[in-house]
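Asks: Before I ask anything, here is the structure I am working with.
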Amino acid sequence: MRFCDNSDISPAEEEQIRRGAEIIRSGGVVAFPTETVYGLGANAFDEDAVKKIFELKGRPQDNPLIIHIAKKEDVFLVAREIPKNAEILIDKFWPGPLTLVLPKNPSVPDIVTANLDTVAVRMPNHKIALKLIELSAVPISAPSANISGKPSATKPEHVKKYFGDKVFIIEGEVKIGIESTVIDLTVSPPVILRPGGISKEMIEKEIGRVDVLADSDVKIAKSPGIKYKHYSPNSDVYIFMNRKDILKFLEFERSKLSGKKVLVALFRYLGEEGEKIRDMGFNITLSGRTLEDFARNLFNLLIVAGETYDIIIFEGVEERGIGLGIMNRLKKAGKKMFY
Ligand code: AMP
Ligand code: MG
C-alpha cells in the first residue's frame with residue numbers, strides 16, 4: 001500500500017513544475033498532482049494568494065486548508081509544538097497520505113486555518129508535488145482541486161472541467177485516489193477526523209488507541225470542513241451493502257426506473273447477480289478489483305458517470321483499511337442510503 005516516489009522527473013515535467021513554482025512565488029494558484037488527489041495550491045504564507053483558492057473553489061471561509069511541505073523539518077515552520085506521537089507518525093508515514101492537526105505556529109495566516117488555533121500539515125509522497133514545493137521555497141496550502149461540494153479531481157481533465165483556463169495545471173498521475181487521512185493530535189486519545197490512505201489500524205500499530213469521528217458527531221466536528229456537502233455528482237447515488245439487495249431494488253422499482261439512465265457499479269466481479277442485472281438492461285461497471293483500485297477509480301467514476309447517468313448504484317465495501325475512506329466518501333456523495 002505504501003510506496004516511495006523516487007521516480008525521475010522528465011524534462012517536460014520539470015518545465016511545467018518550474019512554471020508552476022514561478023506562479024506560486026508571484027502569488028498565484030496552481031493545480032498539481034499529489035498521491036491522494038489533485039491539489040489547488042498557493043503560498044501558505046501569502047494571505048492574498050490563499051484567498052484566491054477560496055474564491056476559485058467557492059469554499060466557505062470556515063473550512064481550513066491543509067499545508068503541504070517538502071521536508072519533514074519544515075513542520076516547525078507551521079506548527080508551534082510537535083508532540084511525541086506526531087514525531088512517531090511523521091517518521092513512519094511521511095512522505096505519505098497522513099495529515100496531522102497540530103498546535104498552530106502564529107506565523108501561519110489565520111485565513112489558512114479558518115481562525116483555528118490548530119494547523120493541518122502533511123508531506124505528500126509525489127515527485128511532482130515535492131519538487132513544486134521545493135522550487136517554490138514556501139509551504140503550499142492546498143485543498144482538493146474541485147469546486148466546493150463536487151467530487152475531488154484525480155486527473156488533469158477533471159481540473160480543467162472545473163476551472164477551465166483559470167488555473168495553471170501541472171500534469172501528473174494520482175496513485176491513491178481519495179484524500180489523506182486527517183488525524184487530530186491536539187486531543188487525547190487522538191481522533192481521526194477524516195479516514196483516508198493511512199488506516200486506523202496502521203496508526204494504532206504505531207501510537208496505540210485512536211478514535212474515529214463518528215458520522216453523528218459531524219455537526220459539532222472540530223474539523224469544520226466535514227459538515228459541508230461533499231463529493232456530490234450530478235446523479236443520485238445509492239449505496240447497497242449487499243448485491244442481492246441491488247437486484248431486489250431494481251426488480252421492485254423497475255417501473256419507476258424506466259426512462260432513467262442507471263449505472264450499477266459492482267465491486268470485484270460481475271457474478272450471477274451482475275449477469276442478471278445486465279440481462280435486465282441496466283448498465284454495469286466494475287468499481288474496482290481491489291479496494292485500492294476502487295479508491296483510485298471512485299472520483300473519476302462519480303465525475304464521468306455523473307455526466308451521463310441519472311442514478312449510480314454502488315455495491316458498498318467493508319469499512320476496514322482504505323474501505324473506511326471509500327465508504328466515507330460514498331456516503332457523502334449519496335443522496336439516499338439503503339442497507
Ligand atoms: P480538502 O483539502 O479540501 O480535502 O480539505 C481539508 C480537510 O482538512 C477538511 O476536512 C478540513 O476541515 C480539514 N482541516 C484542515 N485544517 C484543519 C484544522 N486545523 N483542524 C481540523 N481539521 C482541519
Ligand atoms: Mg476537498
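How things are named: the first chain in the C-alpha cells is A, the next is B, and so on; residues count from 1 in each chain; ligands count from 1 in the order shown.
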When you look at Asp165 in chain A with a cut-off of 12 Å (counting only C-alpha atoms), what residues show up, excluding the ones that are within fewer than 5 positions of it in the same chain? I need them as a short mmCIF file (atom, residue, chain, number, x, y, z; two decimals) with N, CA, C and O atoms, in the first residue's frame.
Replies:
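selection31.cif, freshly written:
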data_model
loop_
_atom_site.label_atom_id
_atom_site.label_comp_id
_atom_site.auth_asym_id
_atom_site.auth_seq_id
_atom_site.Cartn_x
_atom_site.Cartn_y
_atom_site.Cartn_z
N VAL A 29 -2.16 30.79 -8.14
CA VAL A 29 -2.68 29.47 -7.75
C VAL A 29 -2.34 28.45 -8.83
O VAL A 29 -2.44 28.74 -10.02
N VAL A 30 -1.93 27.25 -8.41
CA VAL A 30 -1.52 26.20 -9.35
C VAL A 30 -2.19 24.88 -8.97
O VAL A 30 -2.26 24.53 -7.79
N ALA A 31 -2.70 24.14 -9.97
CA ALA A 31 -3.23 22.80 -9.70
C ALA A 31 -2.12 21.79 -9.95
O ALA A 31 -1.44 21.85 -10.97
N LEU A 56 -11.84 30.75 -5.94
CA LEU A 56 -11.95 29.84 -7.09
C LEU A 56 -12.86 28.66 -6.79
O LEU A 56 -13.69 28.27 -7.60
N PRO A 156 -5.93 15.54 -14.62
CA PRO A 156 -5.86 16.93 -15.10
C PRO A 156 -7.16 17.37 -15.79
O PRO A 156 -7.60 18.50 -15.63
N GLU A 157 -7.80 16.44 -16.52
CA GLU A 157 -9.03 16.83 -17.24
C GLU A 157 -10.17 17.17 -16.28
O GLU A 157 -11.05 17.96 -16.62
N VAL A 159 -9.72 18.78 -13.44
CA VAL A 159 -9.41 20.15 -13.00
C VAL A 159 -9.82 21.14 -14.09
O VAL A 159 -10.42 22.18 -13.82
N LYS A 160 -9.53 20.76 -15.33
CA LYS A 160 -9.86 21.60 -16.48
C LYS A 160 -11.38 21.81 -16.56
O LYS A 160 -11.87 22.91 -16.83
#
Asks: Using only C-alpha atoms, which residues sit within 10 Å of range 296-311 of chain A once same-chain residues fewer than 3 positions away are excluded, as a PDB file with N, CA, C and O atoms, in the first residue's frame?
Replies:
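This went into around_18.pdb:
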ATOM      1  N   THR A  36      -2.627  11.555  -3.399  1.00  0.00           N
ATOM      2  CA  THR A  36      -4.013  11.344  -2.963  1.00  0.00           C
ATOM      3  C   THR A  36      -4.995  11.813  -4.043  1.00  0.00           C
ATOM      4  O   THR A  36      -5.654  11.013  -4.677  1.00  0.00           O
ATOM      5  N   VAL A  37      -5.103  13.126  -4.234  1.00  0.00           N
ATOM      6  CA  VAL A  37      -5.943  13.713  -5.295  1.00  0.00           C
ATOM      7  C   VAL A  37      -5.212  14.949  -5.830  1.00  0.00           C
ATOM      8  O   VAL A  37      -4.135  15.285  -5.340  1.00  0.00           O
ATOM      9  N   LYS A 150     -18.273  19.379  -4.943  1.00  0.00           N
ATOM     10  CA  LYS A 150     -18.210  18.417  -6.058  1.00  0.00           C
ATOM     11  C   LYS A 150     -17.164  17.331  -5.764  1.00  0.00           C
ATOM     12  O   LYS A 150     -16.295  17.520  -4.906  1.00  0.00           O
ATOM     13  N   PRO A 151     -17.203  16.221  -6.516  1.00  0.00           N
ATOM     14  CA  PRO A 151     -16.182  15.187  -6.302  1.00  0.00           C
ATOM     15  C   PRO A 151     -14.774  15.729  -6.569  1.00  0.00           C
ATOM     16  O   PRO A 151     -14.584  16.568  -7.455  1.00  0.00           O
ATOM     17  N   SER A 152     -13.802  15.248  -5.802  1.00  0.00           N
ATOM     18  CA  SER A 152     -12.427  15.722  -5.944  1.00  0.00           C
ATOM     19  C   SER A 152     -11.842  15.302  -7.292  1.00  0.00           C
ATOM     20  O   SER A 152     -12.174  14.247  -7.816  1.00  0.00           O
ATOM     21  N   ALA A 153     -10.948  16.144  -7.816  1.00  0.00           N
ATOM     22  CA  ALA A 153     -10.304  15.861  -9.098  1.00  0.00           C
ATOM     23  C   ALA A 153      -9.162  14.880  -8.894  1.00  0.00           C
ATOM     24  O   ALA A 153      -8.368  15.025  -7.964  1.00  0.00           O
ATOM     25  N   THR A 154      -9.087  13.874  -9.760  1.00  0.00           N
ATOM     26  CA  THR A 154      -7.957  12.950  -9.706  1.00  0.00           C
ATOM     27  C   THR A 154      -7.185  12.912 -11.031  1.00  0.00           C
ATOM     28  O   THR A 154      -6.203  12.199 -11.149  1.00  0.00           O
ATOM     29  N   LYS A 155      -7.662  13.674 -12.024  1.00  0.00           N
ATOM     30  CA  LYS A 155      -6.976  13.739 -13.322  1.00  0.00           C
ATOM     31  C   LYS A 155      -6.946  15.196 -13.783  1.00  0.00           C
ATOM     32  O   LYS A 155      -7.852  15.965 -13.434  1.00  0.00           O
ATOM     33  N   HIS A 158     -10.177  16.589 -15.077  1.00  0.00           N
ATOM     34  CA  HIS A 158     -11.206  16.978 -14.092  1.00  0.00           C
ATOM     35  C   HIS A 158     -10.994  18.435 -13.673  1.00  0.00           C
ATOM     36  O   HIS A 158     -11.941  19.201 -13.537  1.00  0.00           O
ATOM     37  N   LYS A 161     -12.120  20.738 -16.317  1.00  0.00           N
ATOM     38  CA  LYS A 161     -13.582  20.796 -16.363  1.00  0.00           C
ATOM     39  C   LYS A 161     -14.105  21.782 -15.296  1.00  0.00           C
ATOM     40  O   LYS A 161     -15.008  22.562 -15.543  1.00  0.00           O
ATOM     41  N   VAL A 174      -2.248  10.513 -10.218  1.00  0.00           N
ATOM     42  CA  VAL A 174      -2.626  10.355  -8.810  1.00  0.00           C
ATOM     43  C   VAL A 174      -2.664   8.859  -8.522  1.00  0.00           C
ATOM     44  O   VAL A 174      -3.213   8.100  -9.304  1.00  0.00           O
ATOM     45  N   LYS A 175      -2.045   8.420  -7.424  1.00  0.00           N
ATOM     46  CA  LYS A 175      -1.943   6.965  -7.223  1.00  0.00           C
ATOM     47  C   LYS A 175      -2.988   6.391  -6.258  1.00  0.00           C
ATOM     48  O   LYS A 175      -3.362   5.240  -6.367  1.00  0.00           O
ATOM     49  N   ILE A 176      -3.433   7.179  -5.297  1.00  0.00           N
ATOM     50  CA  ILE A 176      -4.351   6.627  -4.283  1.00  0.00           C
ATOM     51  C   ILE A 176      -5.805   6.927  -4.635  1.00  0.00           C
ATOM     52  O   ILE A 176      -6.644   6.041  -4.635  1.00  0.00           O
ATOM     53  N   GLY A 177      -6.122   8.177  -4.927  1.00  0.00           N
ATOM     54  CA  GLY A 177      -7.453   8.489  -5.427  1.00  0.00           C
ATOM     55  C   GLY A 177      -8.434   9.044  -4.415  1.00  0.00           C
ATOM     56  O   GLY A 177      -9.449   9.616  -4.794  1.00  0.00           O
ATOM     57  N   ILE A 178      -8.208   8.863  -3.116  1.00  0.00           N
ATOM     58  CA  ILE A 178      -9.024   9.574  -2.120  1.00  0.00           C
ATOM     59  C   ILE A 178      -8.088  10.401  -1.232  1.00  0.00           C
ATOM     60  O   ILE A 178      -6.890  10.117  -1.152  1.00  0.00           O
ATOM     61  N   TYR A 231     -18.497  15.908  -2.425  1.00  0.00           N
ATOM     62  CA  TYR A 231     -18.372  14.824  -3.402  1.00  0.00           C
ATOM     63  C   TYR A 231     -19.645  14.568  -4.199  1.00  0.00           C
ATOM     64  O   TYR A 231     -19.889  13.465  -4.641  1.00  0.00           O
ATOM     65  N   SER A 232     -20.530  15.580  -4.339  1.00  0.00           N
ATOM     66  CA  SER A 232     -21.822  15.315  -4.967  1.00  0.00           C
ATOM     67  C   SER A 232     -21.748  15.408  -6.476  1.00  0.00           C
ATOM     68  O   SER A 232     -21.514  16.485  -7.019  1.00  0.00           O
ATOM     69  N   PRO A 233     -21.983  14.288  -7.158  1.00  0.00           N
ATOM     70  CA  PRO A 233     -22.016  14.324  -8.617  1.00  0.00           C
ATOM     71  C   PRO A 233     -23.378  14.828  -9.061  1.00  0.00           C
ATOM     72  O   PRO A 233     -24.227  15.162  -8.231  1.00  0.00           O
ATOM     73  N   ASN A 234     -23.596  14.840 -10.376  1.00  0.00           N
ATOM     74  CA  ASN A 234     -24.890  15.318 -10.867  1.00  0.00           C
ATOM     75  C   ASN A 234     -25.970  14.250 -10.753  1.00  0.00           C
ATOM     76  O   ASN A 234     -27.140  14.542 -10.938  1.00  0.00           O
ATOM     77  N   SER A 235     -25.580  13.023 -10.468  1.00  0.00           N
ATOM     78  CA  SER A 235     -26.566  11.936 -10.377  1.00  0.00           C
ATOM     79  C   SER A 235     -26.982  11.705  -8.928  1.00  0.00           C
ATOM     80  O   SER A 235     -26.298  12.117  -8.003  1.00  0.00           O
ATOM     81  N   ASP A 236     -28.108  10.962  -8.763  1.00  0.00           N
ATOM     82  CA  ASP A 236     -28.434  10.427  -7.441  1.00  0.00           C
ATOM     83  C   ASP A 236     -27.522   9.232  -7.212  1.00  0.00           C
ATOM     84  O   ASP A 236     -27.268   8.462  -8.139  1.00  0.00           O
ATOM     85  N   VAL A 237     -27.034   9.101  -5.985  1.00  0.00           N
ATOM     86  CA  VAL A 237     -26.163   7.965  -5.682  1.00  0.00           C
ATOM     87  C   VAL A 237     -26.836   7.098  -4.611  1.00  0.00           C
ATOM     88  O   VAL A 237     -27.300   7.618  -3.603  1.00  0.00           O
ATOM     89  N   TYR A 238     -26.929   5.805  -4.855  1.00  0.00           N
ATOM     90  CA  TYR A 238     -27.469   4.861  -3.878  1.00  0.00           C
ATOM     91  C   TYR A 238     -26.369   3.873  -3.516  1.00  0.00           C
ATOM     92  O   TYR A 238     -25.584   3.476  -4.373  1.00  0.00           O
ATOM     93  N   LEU A 257     -38.008   3.241 -12.489  1.00  0.00           N
ATOM     94  CA  LEU A 257     -36.689   3.485 -13.082  1.00  0.00           C
ATOM     95  C   LEU A 257     -36.733   3.561 -14.607  1.00  0.00           C
ATOM     96  O   LEU A 257     -35.757   3.960 -15.227  1.00  0.00           O
ATOM     97  N   GLY A 259     -36.972   4.735 -18.175  1.00  0.00           N
ATOM     98  CA  GLY A 259     -36.734   6.089 -18.698  1.00  0.00           C
ATOM     99  C   GLY A 259     -35.563   6.775 -18.023  1.00  0.00           C
ATOM    100  O   GLY A 259     -35.087   7.805 -18.483  1.00  0.00           O
ATOM    101  N   LYS A 260     -35.079   6.204 -16.897  1.00  0.00           N
ATOM    102  CA  LYS A 260     -33.902   6.793 -16.239  1.00  0.00           C
ATOM    103  C   LYS A 260     -32.656   6.029 -16.668  1.00  0.00           C
ATOM    104  O   LYS A 260     -32.695   4.824 -16.890  1.00  0.00           O
ATOM    105  N   LYS A 261     -31.559   6.782 -16.739  1.00  0.00           N
ATOM    106  CA  LYS A 261     -30.294   6.114 -17.061  1.00  0.00           C
ATOM    107  C   LYS A 261     -29.655   5.667 -15.751  1.00  0.00           C
ATOM    108  O   LYS A 261     -29.344   6.507 -14.894  1.00  0.00           O
ATOM    109  N   VAL A 262     -29.471   4.368 -15.615  1.00  0.00           N
ATOM    110  CA  VAL A 262     -28.964   3.808 -14.359  1.00  0.00           C
ATOM    111  C   VAL A 262     -27.643   3.086 -14.606  1.00  0.00           C
ATOM    112  O   VAL A 262     -27.526   2.299 -15.542  1.00  0.00           O
ATOM    113  N   LEU A 263     -26.665   3.373 -13.749  1.00  0.00           N
ATOM    114  CA  LEU A 263     -25.393   2.641 -13.801  1.00  0.00           C
ATOM    115  C   LEU A 263     -25.217   1.903 -12.484  1.00  0.00           C
ATOM    116  O   LEU A 263     -25.385   2.479 -11.406  1.00  0.00           O
ATOM    117  N   VAL A 264     -24.879   0.627 -12.568  1.00  0.00           N
ATOM    118  CA  VAL A 264     -24.631  -0.164 -11.360  1.00  0.00           C
ATOM    119  C   VAL A 264     -23.137  -0.462 -11.281  1.00  0.00           C
ATOM    120  O   VAL A 264     -22.567  -1.035 -12.211  1.00  0.00           O
ATOM    121  N   ALA A 265     -22.501  -0.038 -10.181  1.00  0.00           N
ATOM    122  CA  ALA A 265     -21.061  -0.255 -10.009  1.00  0.00           C
ATOM    123  C   ALA A 265     -20.845  -1.366  -8.990  1.00  0.00           C
ATOM    124  O   ALA A 265     -21.073  -1.181  -7.795  1.00  0.00           O
ATOM    125  N   ASN A 283     -26.973  -0.766 -17.115  1.00  0.00           N
ATOM    126  CA  ASN A 283     -25.534  -0.684 -17.399  1.00  0.00           C
ATOM    127  C   ASN A 283     -24.742  -1.069 -16.154  1.00  0.00           C
ATOM    128  O   ASN A 283     -25.096  -0.687 -15.051  1.00  0.00           O
ATOM    129  N   THR A 285     -20.738  -1.455 -14.375  1.00  0.00           N
ATOM    130  CA  THR A 285     -19.298  -1.230 -14.426  1.00  0.00           C
ATOM    131  C   THR A 285     -18.692  -1.873 -13.191  1.00  0.00           C
ATOM    132  O   THR A 285     -19.391  -2.106 -12.201  1.00  0.00           O
ATOM    133  N   LEU A 286     -17.393  -2.143 -13.222  1.00  0.00           N
ATOM    134  CA  LEU A 286     -16.727  -2.623 -12.008  1.00  0.00           C
ATOM    135  C   LEU A 286     -16.083  -1.420 -11.326  1.00  0.00           C
ATOM    136  O   LEU A 286     -15.346  -0.668 -11.960  1.00  0.00           O
ATOM    137  N   SER A 287     -16.383  -1.231 -10.036  1.00  0.00           N
ATOM    138  CA  SER A 287     -15.784  -0.101  -9.315  1.00  0.00           C
ATOM    139  C   SER A 287     -14.303  -0.346  -9.074  1.00  0.00           C
ATOM    140  O   SER A 287     -13.527   0.592  -8.926  1.00  0.00           O
ATOM    141  N   GLY A 288     -13.913  -1.623  -9.051  1.00  0.00           N
ATOM    142  CA  GLY A 288     -12.507  -1.962  -8.875  1.00  0.00           C
ATOM    143  C   GLY A 288     -12.364  -3.437  -8.581  1.00  0.00           C
ATOM    144  O   GLY A 288     -13.329  -4.077  -8.168  1.00  0.00           O
ATOM    145  N   THR A 290      -9.836  -4.456  -6.550  1.00  0.00           N
ATOM    146  CA  THR A 290      -9.364  -4.457  -5.160  1.00  0.00           C
ATOM    147  C   THR A 290      -9.836  -3.146  -4.531  1.00  0.00           C
ATOM    148  O   THR A 290     -10.276  -2.234  -5.245  1.00  0.00           O
ATOM    149  N   LEU A 291      -9.706  -3.029  -3.213  1.00  0.00           N
ATOM    150  CA  LEU A 291     -10.088  -1.775  -2.547  1.00  0.00           C
ATOM    151  C   LEU A 291      -9.241  -0.615  -3.066  1.00  0.00           C
ATOM    152  O   LEU A 291      -9.724   0.497  -3.256  1.00  0.00           O
ATOM    153  N   GLU A 292      -7.954  -0.878  -3.305  1.00  0.00           N
ATOM    154  CA  GLU A 292      -7.047   0.174  -3.806  1.00  0.00           C
ATOM    155  C   GLU A 292      -7.500   0.671  -5.173  1.00  0.00           C
ATOM    156  O   GLU A 292      -7.482   1.862  -5.456  1.00  0.00           O
ATOM    157  N   ASP A 293      -7.920  -0.299  -6.005  1.00  0.00           N
ATOM    158  CA  ASP A 293      -8.462   0.016  -7.329  1.00  0.00           C
ATOM    159  C   ASP A 293      -9.712   0.887  -7.232  1.00  0.00           C
ATOM    160  O   ASP A 293      -9.886   1.857  -7.969  1.00  0.00           O
ATOM    161  N   PHE A 314     -24.075   1.904  -6.127  1.00  0.00           N
ATOM    162  CA  PHE A 314     -22.801   1.284  -5.753  1.00  0.00           C
ATOM    163  C   PHE A 314     -23.015   0.080  -4.852  1.00  0.00           C
ATOM    164  O   PHE A 314     -23.856   0.117  -3.953  1.00  0.00           O
ATOM    165  N   ILE A 326     -13.261   4.910   1.541  1.00  0.00           N
ATOM    166  CA  ILE A 326     -14.143   4.802   0.370  1.00  0.00           C
ATOM    167  C   ILE A 326     -15.594   4.999   0.801  1.00  0.00           C
ATOM    168  O   ILE A 326     -16.335   5.792   0.206  1.00  0.00           O
ATOM    169  N   ARG A 329     -16.504   8.629   1.694  1.00  0.00           N
ATOM    170  CA  ARG A 329     -16.759   9.492   0.539  1.00  0.00           C
ATOM    171  C   ARG A 329     -18.088   9.128  -0.111  1.00  0.00           C
ATOM    172  O   ARG A 329     -18.865   9.991  -0.506  1.00  0.00           O
ATOM    173  N   LEU A 330     -18.345   7.814  -0.254  1.00  0.00           N
ATOM    174  CA  LEU A 330     -19.583   7.360  -0.904  1.00  0.00           C
ATOM    175  C   LEU A 330     -20.813   7.844  -0.159  1.00  0.00           C
ATOM    176  O   LEU A 330     -21.767   8.325  -0.758  1.00  0.00           O
ATOM    177  N   ALA A 333     -21.435  11.335  -0.883  1.00  0.00           N
ATOM    178  CA  ALA A 333     -21.889  11.549  -2.266  1.00  0.00           C
ATOM    179  C   ALA A 333     -23.334  11.103  -2.423  1.00  0.00           C
ATOM    180  O   ALA A 333     -24.060  11.589  -3.270  1.00  0.00           O
TER     181      ALA A 333
END
Asks: Using only C-alpha atoms and all ligand atoms, determine which residues fall within 12 Å of ligand 2, then list them as a ChimeraX atom specification.
Replies: /A:36-40,53-54,57-60,63-66,142-154,178-180,182,194,224-232,299,329,332
Asks: Selected residues, N, CA and C atoms, written as a compact mmCIF listing (two decimals), in the first residue's frame, please.
Replies:
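File again-v4.txt, as written:
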# COMPACT_ATOMS: atom_id res chain seq x y z
N THR A 36 -2.63 11.55 -3.40
CA THR A 36 -4.01 11.34 -2.96
C THR A 36 -4.99 11.81 -4.04
N VAL A 37 -5.10 13.13 -4.23
CA VAL A 37 -5.94 13.71 -5.30
C VAL A 37 -5.21 14.95 -5.83
N TYR A 38 -5.79 15.62 -6.83
CA TYR A 38 -5.20 16.87 -7.31
C TYR A 38 -5.40 17.97 -6.28
N GLY A 39 -4.39 18.80 -6.08
CA GLY A 39 -4.49 19.92 -5.15
C GLY A 39 -4.54 21.25 -5.90
N LEU A 40 -5.13 22.26 -5.22
CA LEU A 40 -5.17 23.61 -5.77
C LEU A 40 -4.36 24.46 -4.79
N ILE A 53 -7.69 30.85 -3.56
CA ILE A 53 -8.13 29.44 -3.54
C ILE A 53 -9.60 29.37 -3.10
N PHE A 54 -9.91 30.09 -2.02
CA PHE A 54 -11.29 30.08 -1.50
C PHE A 54 -12.26 30.60 -2.56
N LYS A 57 -12.72 28.08 -5.60
CA LYS A 57 -13.49 26.89 -5.25
C LYS A 57 -14.91 27.21 -4.78
N GLY A 58 -15.13 28.47 -4.38
CA GLY A 58 -16.39 28.78 -3.73
C GLY A 58 -16.44 28.10 -2.38
N ARG A 59 -15.27 28.05 -1.72
CA ARG A 59 -15.15 27.31 -0.46
C ARG A 59 -15.52 28.21 0.72
N PRO A 60 -16.36 27.72 1.64
CA PRO A 60 -16.70 28.53 2.81
C PRO A 60 -15.44 28.90 3.60
N ASN A 63 -13.73 26.73 6.43
CA ASN A 63 -13.20 25.39 6.14
C ASN A 63 -11.69 25.49 5.88
N PRO A 64 -10.88 25.11 6.87
CA PRO A 64 -9.43 25.34 6.77
C PRO A 64 -8.73 24.47 5.73
N LEU A 65 -7.52 24.89 5.34
CA LEU A 65 -6.76 24.18 4.31
C LEU A 65 -5.62 23.38 4.92
N ILE A 66 -5.17 22.38 4.18
CA ILE A 66 -4.01 21.59 4.60
C ILE A 66 -2.75 22.22 4.01
N ALA A 142 -3.11 23.75 0.19
CA ALA A 142 -3.85 23.24 -0.96
C ALA A 142 -5.00 22.34 -0.52
N PRO A 143 -6.22 22.73 -0.86
CA PRO A 143 -7.34 21.80 -0.75
C PRO A 143 -7.44 21.00 -2.04
N SER A 144 -8.42 20.10 -2.11
CA SER A 144 -8.61 19.35 -3.35
C SER A 144 -9.05 20.30 -4.46
N ALA A 145 -8.65 19.96 -5.71
CA ALA A 145 -8.87 20.88 -6.83
C ALA A 145 -10.23 20.66 -7.48
N ASN A 146 -11.28 20.96 -6.72
CA ASN A 146 -12.64 20.85 -7.25
C ASN A 146 -13.44 22.07 -6.80
N ILE A 147 -14.55 22.30 -7.50
CA ILE A 147 -15.49 23.30 -7.00
C ILE A 147 -16.06 22.74 -5.70
N SER A 148 -16.20 23.58 -4.69
CA SER A 148 -16.68 23.15 -3.38
C SER A 148 -17.97 22.33 -3.52
N GLY A 149 -18.00 21.17 -2.87
CA GLY A 149 -19.19 20.32 -2.90
C GLY A 149 -19.18 19.26 -3.98
N LYS A 150 -18.27 19.38 -4.94
CA LYS A 150 -18.21 18.42 -6.06
C LYS A 150 -17.16 17.33 -5.76
N PRO A 151 -17.20 16.22 -6.52
CA PRO A 151 -16.18 15.19 -6.30
C PRO A 151 -14.77 15.73 -6.57
N SER A 152 -13.80 15.25 -5.80
CA SER A 152 -12.43 15.72 -5.94
C SER A 152 -11.84 15.30 -7.29
N ALA A 153 -10.95 16.14 -7.82
CA ALA A 153 -10.30 15.86 -9.10
C ALA A 153 -9.16 14.88 -8.89
N THR A 154 -9.09 13.87 -9.76
CA THR A 154 -7.96 12.95 -9.71
C THR A 154 -7.19 12.91 -11.03
N ILE A 178 -8.21 8.86 -3.12
CA ILE A 178 -9.02 9.57 -2.12
C ILE A 178 -8.09 10.40 -1.23
N GLU A 179 -8.65 11.42 -0.58
CA GLU A 179 -7.84 12.37 0.17
C GLU A 179 -7.16 11.72 1.38
N SER A 180 -6.19 12.46 1.91
CA SER A 180 -5.39 11.97 3.04
C SER A 180 -6.24 11.70 4.28
N VAL A 182 -6.93 12.47 7.97
CA VAL A 182 -6.63 13.62 8.83
C VAL A 182 -6.78 13.18 10.28
N ARG A 194 -10.90 12.44 9.37
CA ARG A 194 -11.29 12.01 8.02
C ARG A 194 -10.48 10.75 7.69
N PRO A 224 -14.01 21.84 10.66
CA PRO A 224 -15.23 22.47 10.16
C PRO A 224 -15.65 21.99 8.78
N GLY A 225 -14.67 21.66 7.94
CA GLY A 225 -15.00 21.27 6.56
C GLY A 225 -15.90 20.07 6.48
N ILE A 226 -15.84 19.24 7.49
CA ILE A 226 -16.52 17.96 7.43
C ILE A 226 -18.04 18.11 7.38
N LYS A 227 -18.56 19.21 7.92
CA LYS A 227 -20.01 19.35 7.97
C LYS A 227 -20.62 19.72 6.61
N TYR A 228 -19.78 20.17 5.66
CA TYR A 228 -20.32 20.62 4.38
C TYR A 228 -20.64 19.47 3.45
N LYS A 229 -21.55 19.78 2.52
CA LYS A 229 -21.88 18.84 1.47
C LYS A 229 -20.61 18.55 0.65
N HIS A 230 -20.46 17.31 0.26
CA HIS A 230 -19.20 16.91 -0.37
C HIS A 230 -19.42 15.96 -1.53
N TYR A 231 -18.50 15.91 -2.43
CA TYR A 231 -18.37 14.82 -3.40
C TYR A 231 -19.65 14.57 -4.20
N SER A 232 -20.53 15.58 -4.34
CA SER A 232 -21.82 15.32 -4.97
C SER A 232 -21.75 15.41 -6.48
N PHE A 299 -13.53 8.80 -7.69
CA PHE A 299 -13.93 10.16 -8.08
C PHE A 299 -14.09 10.28 -9.60
N ARG A 329 -16.50 8.63 1.69
CA ARG A 329 -16.76 9.49 0.54
C ARG A 329 -18.09 9.13 -0.11
N LYS A 332 -21.14 10.41 1.68
CA LYS A 332 -21.34 11.85 1.49
C LYS A 332 -21.85 12.16 0.09
Asks: For ligand 1, which of A:Asp184, A:Glu251, A:Asp8, A:Glu35 is the closest residue, counting only C-alpha atoms and all ligand atoms?
Replies: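 The answer is A:Asp184, which sits nearest to ligand 1.
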Asks: Name all residues at most 7 Å from range 122-135 of chain A (count only C-alpha atoms; drop same-chain ones fewer than 2 positions away) and give them as a list in words.
Replies: Cys4, Asp5, Asn6, Ile17, Gly20, Ala21, Phe32, Pro33, Thr34, Glu35, Ile67, His68, Ile69, Ala70, Lys72, Trp94, Pro95, Gly96, Pro97, Leu98, Thr99, Leu100, Ala137, Val138, Pro139 and Ile140 of chain A
Asks: DSSP says alpha helix (DSSP H) for which residues of range 107-294 of chain A? Put them as a ChimeraX atom specification?
Replies: /A:110-113,127-136,156-163,200-207,243-252,254-257,271-279,291-294
Asks: Enumerate the residues of range 19-267 of chain A with a DSSP assignment of strand (DSSP E or B), computed from the backbone, and present them as an NGL selection string.
Replies: :A and (30-33 or 38-43 or 66-68 or 79 or 98-104 or 118-122 or 140-141 or 144 or 168-169 or 181-184 or 191-194 or 211-212 or 236-240 or 262-267)
Asks: Smallest atom-to-atom distance to Ala44 in chain A: which of A:Val121, A:Ala12, A:Leu116, A:Leu193, using only C-alpha atoms?
Replies: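 Ranked by minimum distance to Ala44 in chain A, first place goes to A:Val121.
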Asks: Just to confirm, what's the straight-line distance from CA of Asn43 in chain A to CA of Ile90 in chain A in Å (one decimal)?
Replies: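 CA of Ile90 in chain A lies 22.3 Å from CA of Asn43 in chain A.
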